[in-house]
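Source file data-v4.pdb; content: PDB, C-alpha atoms.
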```pdb
ATOM      1  CA  MET L   1      64.090 -13.744  88.552
ATOM      2  CA  PHE L   2      60.343 -13.407  88.037
ATOM      3  CA  THR L   3      57.908 -11.497  85.814
ATOM      4  CA  GLY L   4      55.248 -10.374  88.289
ATOM      5  CA  ILE L   5      52.592 -12.547  86.608
ATOM      6  CA  VAL L   6      50.853 -14.574  89.340
ATOM      7  CA  THR L   7      50.199 -18.196  88.324
ATOM      8  CA  ASP L   8      48.638 -19.643  91.481
ATOM      9  CA  ARG L   9      46.940 -18.621  94.710
ATOM     10  CA  GLY L  10      48.513 -20.643  97.492
ATOM     11  CA  ARG L  11      47.228 -21.213 101.013
ATOM     12  CA  ILE L  12      49.331 -21.233 104.154
ATOM     13  CA  ALA L  13      48.670 -24.676 105.637
ATOM     14  CA  SER L  14      50.815 -24.151 108.722
ATOM     15  CA  ARG L  15      53.306 -21.848 110.381
ATOM     16  CA  GLN L  16      56.042 -22.988 112.747
ATOM     17  CA  ASP L  17      58.065 -20.338 114.564
ATOM     18  CA  GLY L  18      61.577 -21.112 115.726
ATOM     19  CA  GLY L  19      65.054 -19.835 114.901
ATOM     20  CA  ASP L  20      63.520 -19.166 111.504
ATOM     21  CA  THR L  21      59.836 -19.408 110.634
ATOM     22  CA  ARG L  22      58.691 -22.286 108.441
ATOM     23  CA  PHE L  23      55.621 -21.889 106.261
ATOM     24  CA  VAL L  24      53.957 -24.833 104.543
ATOM     25  CA  VAL L  25      52.156 -23.641 101.409
ATOM     26  CA  GLU L  26      49.455 -25.639  99.629
ATOM     27  CA  THR L  27      49.565 -25.130  95.868
ATOM     28  CA  ALA L  28      48.021 -26.222  92.586
ATOM     29  CA  TYR L  29      51.542 -26.513  91.135
ATOM     30  CA  ASP L  30      52.772 -29.990  90.275
ATOM     31  CA  VAL L  31      55.247 -30.333  93.131
ATOM     32  CA  ASP L  32      56.931 -33.268  91.394
ATOM     33  CA  GLY L  33      58.339 -30.682  89.003
ATOM     34  CA  ILE L  34      59.644 -28.391  91.751
ATOM     35  CA  ASP L  35      63.224 -29.039  92.845
ATOM     36  CA  LEU L  36      64.365 -28.607  96.417
ATOM     37  CA  GLY L  37      66.261 -25.339  96.460
ATOM     38  CA  ALA L  38      64.022 -23.787  93.800
ATOM     39  CA  SER L  39      62.913 -20.185  94.204
ATOM     40  CA  ILE L  40      59.224 -19.283  94.346
ATOM     41  CA  SER L  41      57.809 -15.780  94.672
ATOM     42  CA  CYS L  42      55.407 -15.808  97.619
ATOM     43  CA  SER L  43      53.406 -12.571  97.462
ATOM     44  CA  GLY L  44      56.489 -10.919  96.016
ATOM     45  CA  CYS L  45      59.066 -12.399  98.379
ATOM     46  CA  CYS L  46      61.563 -14.811  96.797
ATOM     47  CA  LEU L  47      61.737 -17.862  99.068
ATOM     48  CA  THR L  48      63.578 -21.173  98.761
ATOM     49  CA  VAL L  49      61.773 -24.519  98.704
ATOM     50  CA  VAL L  50      63.224 -26.664 101.510
ATOM     51  CA  GLU L  51      60.671 -29.491 101.553
ATOM     52  CA  LYS L  52      57.715 -30.651  99.454
ATOM     53  CA  GLY L  53      55.068 -33.358  99.335
ATOM     54  CA  ARG L  54      51.377 -34.118  99.007
ATOM     55  CA  ASN L  55      48.692 -34.214 101.661
ATOM     56  CA  ALA L  56      46.180 -37.024 102.179
ATOM     57  CA  ASP L  57      43.931 -35.545  99.471
ATOM     58  CA  GLY L  58      46.776 -35.490  96.960
ATOM     59  CA  LEU L  59      47.129 -31.702  97.038
ATOM     60  CA  GLY L  60      50.721 -30.570  96.637
ATOM     61  CA  TRP L  61      52.579 -28.459  99.169
ATOM     62  CA  PHE L  62      56.017 -26.967  99.640
ATOM     63  CA  ALA L  63      57.773 -25.531 102.666
ATOM     64  CA  VAL L  64      59.886 -22.385 102.905
ATOM     65  CA  ASP L  65      61.870 -20.804 105.725
ATOM     66  CA  ALA L  66      61.819 -17.065 106.481
ATOM     67  CA  SER L  67      64.370 -15.343 108.697
ATOM     68  CA  GLY L  68      63.567 -12.740 111.310
ATOM     69  CA  GLU L  69      64.944 -10.102 108.932
ATOM     70  CA  THR L  70      62.502 -11.192 106.222
ATOM     71  CA  LEU L  71      59.584 -11.127 108.656
ATOM     72  CA  SER L  72      60.496  -7.612 109.796
ATOM     73  CA  LYS L  73      60.687  -6.169 106.265
ATOM     74  CA  THR L  74      57.623  -7.842 104.684
ATOM     75  CA  THR L  75      54.034  -8.820 105.392
ATOM     76  CA  LEU L  76      55.123 -12.381 106.176
ATOM     77  CA  ASP L  77      55.023 -11.565 109.887
ATOM     78  CA  GLY L  78      51.220 -11.585 109.613
ATOM     79  CA  TRP L  79      50.863 -14.861 107.711
ATOM     80  CA  GLN L  80      48.935 -17.528 109.595
ATOM     81  CA  ALA L  81      47.188 -20.775 108.634
ATOM     82  CA  ASP L  82      44.606 -20.107 105.879
ATOM     83  CA  THR L  83      46.302 -16.910 104.657
ATOM     84  CA  ARG L  84      46.114 -16.825 100.844
ATOM     85  CA  ILE L  85      49.208 -15.701  98.944
ATOM     86  CA  ASN L  86      50.178 -14.957  95.338
ATOM     87  CA  LEU L  87      52.613 -17.456  93.820
ATOM     88  CA  GLU L  88      54.924 -17.386  90.820
ATOM     89  CA  ARG L  89      57.628 -19.870  89.897
ATOM     90  CA  ALA L  90      61.008 -18.564  88.763
ATOM     91  CA  LEU L  91      61.421 -17.445  85.167
ATOM     92  CA  ARG L  92      62.932 -20.069  82.852
ATOM     93  CA  LEU L  93      64.859 -19.480  79.641
ATOM     94  CA  GLY L  94      62.335 -19.167  76.824
ATOM     95  CA  ASP L  95      59.397 -18.168  79.045
ATOM     96  CA  GLU L  96      57.252 -15.237  77.951
ATOM     97  CA  LEU L  97      58.103 -12.047  79.826
ATOM     98  CA  GLY L  98      54.577 -10.748  80.310
ATOM     99  CA  GLY L  99      55.256  -8.326  83.170
ATOM    100  CA  HIS L 100      58.715  -6.899  83.845
ATOM    101  CA  PHE L 101      61.919  -8.185  85.417
ATOM    102  CA  VAL L 102      61.162  -8.808  89.083
ATOM    103  CA  LEU L 103      63.836  -9.813  91.588
ATOM    104  CA  GLY L 104      61.630 -10.977  94.436
ATOM    105  CA  HIS L 105      63.547  -8.738  96.860
ATOM    106  CA  VAL L 106      60.924  -6.851  98.854
ATOM    107  CA  ASP L 107      61.948  -3.259  99.543
ATOM    108  CA  GLY L 108      59.284  -2.480 102.110
ATOM    109  CA  VAL L 109      55.604  -2.607 102.968
ATOM    110  CA  ALA L 110      53.003  -0.264 101.453
ATOM    111  CA  GLU L 111      49.536   0.438 102.819
ATOM    112  CA  ILE L 112      46.356   0.503 100.759
ATOM    113  CA  VAL L 113      44.910   3.989 101.287
ATOM    114  CA  SER L 114      41.770   3.584  99.208
ATOM    115  CA  ARG L 115      39.915   1.306  96.816
ATOM    116  CA  THR L 116      37.300   2.657  94.398
ATOM    117  CA  ALA L 117      35.467   1.301  91.377
ATOM    118  CA  GLU L 118      36.516   2.870  88.085
ATOM    119  CA  GLY L 119      34.592   1.456  85.126
ATOM    120  CA  ASP L 120      35.081  -2.312  85.156
ATOM    121  CA  SER L 121      38.399  -1.902  86.944
ATOM    122  CA  THR L 122      39.328  -0.957  90.507
ATOM    123  CA  ARG L 123      41.546   2.005  91.383
ATOM    124  CA  PHE L 124      43.865   1.445  94.339
ATOM    125  CA  THR L 125      45.891   4.134  96.059
ATOM    126  CA  PHE L 126      48.975   3.061  98.038
ATOM    127  CA  ARG L 127      51.235   4.792 100.533
ATOM    128  CA  PRO L 128      54.759   3.287 100.541
ATOM    129  CA  PRO L 129      57.560   4.139 102.951
ATOM    130  CA  GLN L 130      58.606   7.687 102.053
ATOM    131  CA  THR L 131      62.158   6.657 101.158
ATOM    132  CA  PHE L 132      60.887   4.686  98.145
ATOM    133  CA  MET L 133      58.727   7.411  96.575
ATOM    134  CA  LYS L 134      61.663   8.666  94.480
ATOM    135  CA  TYR L 135      61.725   5.337  92.640
ATOM    136  CA  ILE L 136      58.035   5.459  91.656
ATOM    137  CA  ALA L 137      57.031   7.354  88.515
ATOM    138  CA  PRO L 138      53.864   7.659  86.406
ATOM    139  CA  LYS L 139      53.738   4.882  83.783
ATOM    140  CA  GLY L 140      56.631   3.155  85.524
ATOM    141  CA  SER L 141      56.528  -0.381  86.888
ATOM    142  CA  VAL L 142      56.051  -1.490  90.467
ATOM    143  CA  VAL L 143      55.513  -4.864  92.134
ATOM    144  CA  LEU L 144      52.842  -5.205  94.823
ATOM    145  CA  ASP L 145      52.432  -8.577  96.538
ATOM    146  CA  GLY L 146      54.234 -10.135  93.586
ATOM    147  CA  VAL L 147      52.015  -8.531  90.931
ATOM    148  CA  SER L 148      53.620  -6.446  88.180
ATOM    149  CA  LEU L 149      51.608  -3.230  87.845
ATOM    150  CA  THR L 150      51.839   0.076  85.994
ATOM    151  CA  VAL L 151      51.738   3.270  88.050
ATOM    152  CA  ASN L 152      48.948   5.591  86.928
ATOM    153  CA  GLU L 153      49.805   8.664  88.948
ATOM    154  CA  VAL L 154      51.984   9.886  91.786
ATOM    155  CA  ASP L 155      50.503  12.370  94.239
ATOM    156  CA  GLY L 156      52.605  13.510  97.169
ATOM    157  CA  ASP L 157      53.284  10.474  99.329
ATOM    158  CA  THR L 158      50.915   8.137  97.458
ATOM    159  CA  PHE L 159      50.591   6.514  94.047
ATOM    160  CA  GLY L 160      47.721   4.844  92.223
ATOM    161  CA  VAL L 161      47.233   1.795  90.012
ATOM    162  CA  ASN L 162      44.280   0.241  88.237
ATOM    163  CA  ILE L 163      43.482  -3.437  88.751
ATOM    164  CA  ILE L 164      41.564  -5.021  85.859
ATOM    165  CA  PRO L 165      38.944  -7.707  86.638
ATOM    166  CA  HIS L 166      41.211 -10.582  85.549
ATOM    167  CA  THR L 167      44.003  -9.484  87.886
ATOM    168  CA  ALA L 168      41.532  -9.047  90.740
ATOM    169  CA  ALA L 169      40.195 -12.571  90.146
ATOM    170  CA  VAL L 170      43.565 -14.385  90.103
ATOM    171  CA  THR L 171      45.375 -12.438  92.843
ATOM    172  CA  GLY L 172      44.673 -11.193  96.347
ATOM    173  CA  PHE L 173      43.558  -7.782  95.072
ATOM    174  CA  GLY L 174      40.033  -9.065  94.611
ATOM    175  CA  ASP L 175      39.633  -9.123  98.400
ATOM    176  CA  ALA L 176      42.032  -6.310  99.320
ATOM    177  CA  ALA L 177      40.731  -3.339 101.303
ATOM    178  CA  ALA L 178      41.912   0.014 102.640
ATOM    179  CA  GLY L 179      44.271  -0.514 105.549
ATOM    180  CA  ASP L 180      45.725  -3.765 104.189
ATOM    181  CA  ARG L 181      49.499  -4.034 103.853
ATOM    182  CA  VAL L 182      51.274  -5.282 100.719
ATOM    183  CA  ASN L 183      54.854  -6.141  99.839
ATOM    184  CA  LEU L 184      56.506  -3.525  97.636
ATOM    185  CA  GLU L 185      59.376  -3.961  95.192
ATOM    186  CA  VAL L 186      60.387  -0.899  93.207
ATOM    187  CA  ASP L 187      61.661  -1.194  89.650
ATOM    188  CA  ALA L 188      65.331  -2.206  89.672
ATOM    189  CA  LEU L 189      65.995   0.115  86.712
ATOM    190  CA  ALA L 190      64.727   3.056  88.728
ATOM    191  CA  ARG L 191      67.176   2.146  91.495
ATOM    192  CA  TYR L 192      70.130   2.108  89.101
ATOM    193  CA  VAL L 193      69.122   5.401  87.502
ATOM    194  CA  ALA L 194      68.836   6.994  90.949
ATOM    195  CA  ARG L 195      72.267   5.659  91.874
ATOM    196  CA  LEU L 196      73.823   7.000  88.663
ATOM    197  CA  LEU L 197      72.281  10.391  89.396
ATOM    198  CA  GLY L 198      73.509  10.300  92.985
ATOM    199  CA  LYS L 199      70.009  10.341  94.419
ATOM    200  CA  GLU L 200      70.010   6.958  96.130
ATOM    201  CA  GLY L 201      69.800   6.767  99.903
TER     202      GLY L 201
END
```
File written out as structure tokens:
Amino acid sequence: MFTGIVTDRGRIASRQDGGDTRFVVETAYDVDGIDLGASISCSGCCLTVVEKGRNADGLGWFAVDASGETLSKTTLDGWQADTRINLERALRLGDELGGHFVLGHVDGVAEIVSRTAEGDSTRFTFRPPQTFMKYIAPKGSVVLDGVSLTVNEVDGDTFGVNIIPHTAAVTGFGDAAAGDRVNLEVDALARYVARLLGKEG
């Protein structure tokens, strides 16, 4: 379980493809405090730490494995060395819930349709897979690349959010552009409501 509040920008140090794909992620986290088997949200995708250590410069790193299924349903298929990703450690009892309850289960990939300045903030418009539009509502919550965001408006097959300067500075949205792909997780509550109303599927 996560909150959608990014606490580090990691860097993919290496990628090794095999039966599964192993990513080594450099991080500012104190890896001595990360247990093997711990869950970390990597740009919205909950992945399990299978190895950890420090490089010659003392910078911490951890390794995660991603299956072919995960690669096919997320943006992880495009991660290469030097790719920067949003990181969040799992929620602990007593932690402040600053975003909303996030599972780290990516539903699909959305495309950035446009990016425009709006005051000090930046307005992004996204186009998700059509099947997920029914779970997205104005003033509802959505997770994009691991970031908890509030939906401003829904218009046909797109929806918009505003990114404040702080969020742009500490996540990948500062460099994001039209045409980029992001991991999408819809609000779990919206899923359950849709199921109760018989509108899921």
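Distances from L:Glu111, L:Asp145, L:Asp8, L:Glu69 to Asp30 in chain L were compared using all atoms listed in the file, and the smallest one belongs to L:Asp8.
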For Asp32 in chain L, please output as a PyMOL selection string all residues within 9 Å (counting all atoms listed in the file; exclusion window: fewer than 3 positions along the same chain).
-> chain L and resi 29+35+52-53+60
Range 148-157 of chain L environment, 10 Å, all atoms listed in the file, sequence neighbours closer than 3 positions dropped, as number ranges by chain | L: 2-6, 44, 98-102, 123-134, 136-145, 160-163, 167, 185, 187
Applied to this file, what does the PyMOL selection byres ((chain L and resi 19-24) around 10) return in terms of residues, put as a PyMOL selection string?
-> chain L and resi 10-18+25-27+49-52+61-71+76-77+79-81
Find, counting only C-alpha atoms, the residue in L:Ser72, L:Leu103, L:Leu59, L:Ser43 that gets nearest to Leu189 in chain L.
->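 Of L:Ser72, L:Leu103, L:Leu59, L:Ser43, the one nearest Leu189 in chain L, counting only C-alpha atoms, is L:Leu103.
Between CA of Ala168 in chain L and CA of Ser121 in chain L the separation is 8.7 Å.
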Tell me, in Å to one decimal, how far CA of Lys73 in chain L is from CA of Leu87 in chain L.
->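 According to the coordinates, CA of Lys73 in chain L and CA of Leu87 in chain L are separated by 18.6 Å.
Straight-line separation from CA of Asn86 in chain L to CA of Asp180 in chain L: 14.9 Å.
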Go through L:Val170, L:Cys46, L:Ala56, L:Ile164 one by one, measure the shortest atom-to-atom distance of each to Asn183 in chain L using only C-alpha atoms, and give the residue with the smallest value.
-> L:Cys46
If you apply the PyMOL selection byres ((chain L and resi 114) around 7) to this file, what residues do you get, as a list in words?
->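 With the PyMOL selection byres ((chain L and resi 114) around 7) on this model, the match is Ile112, Val113, Arg115, Thr116, Phe124, Thr125 and Ala178 of chain L.
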From the list L:Gly37, L:Gly174, L:Gly198, L:Gly179, the nearest residue to Ala117 in chain L using only C-alpha atoms is L:Gly174
Run through the PyMOL selection byres ((chain L and resi 109) around 6) on the given coordinates and return the selected residues as JSON, numbers by chain.
-> {"L": [74, 108, 110, 182, 183, 184]}
Considering only C-alpha atoms, state which residue in the set L:His166, L:Ala38, L:Gly146, L:Arg92 is at the smallest distance from Asp120 in chain L.
->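 Distance minimum relative to Asp120 in chain L lands on L:His166.
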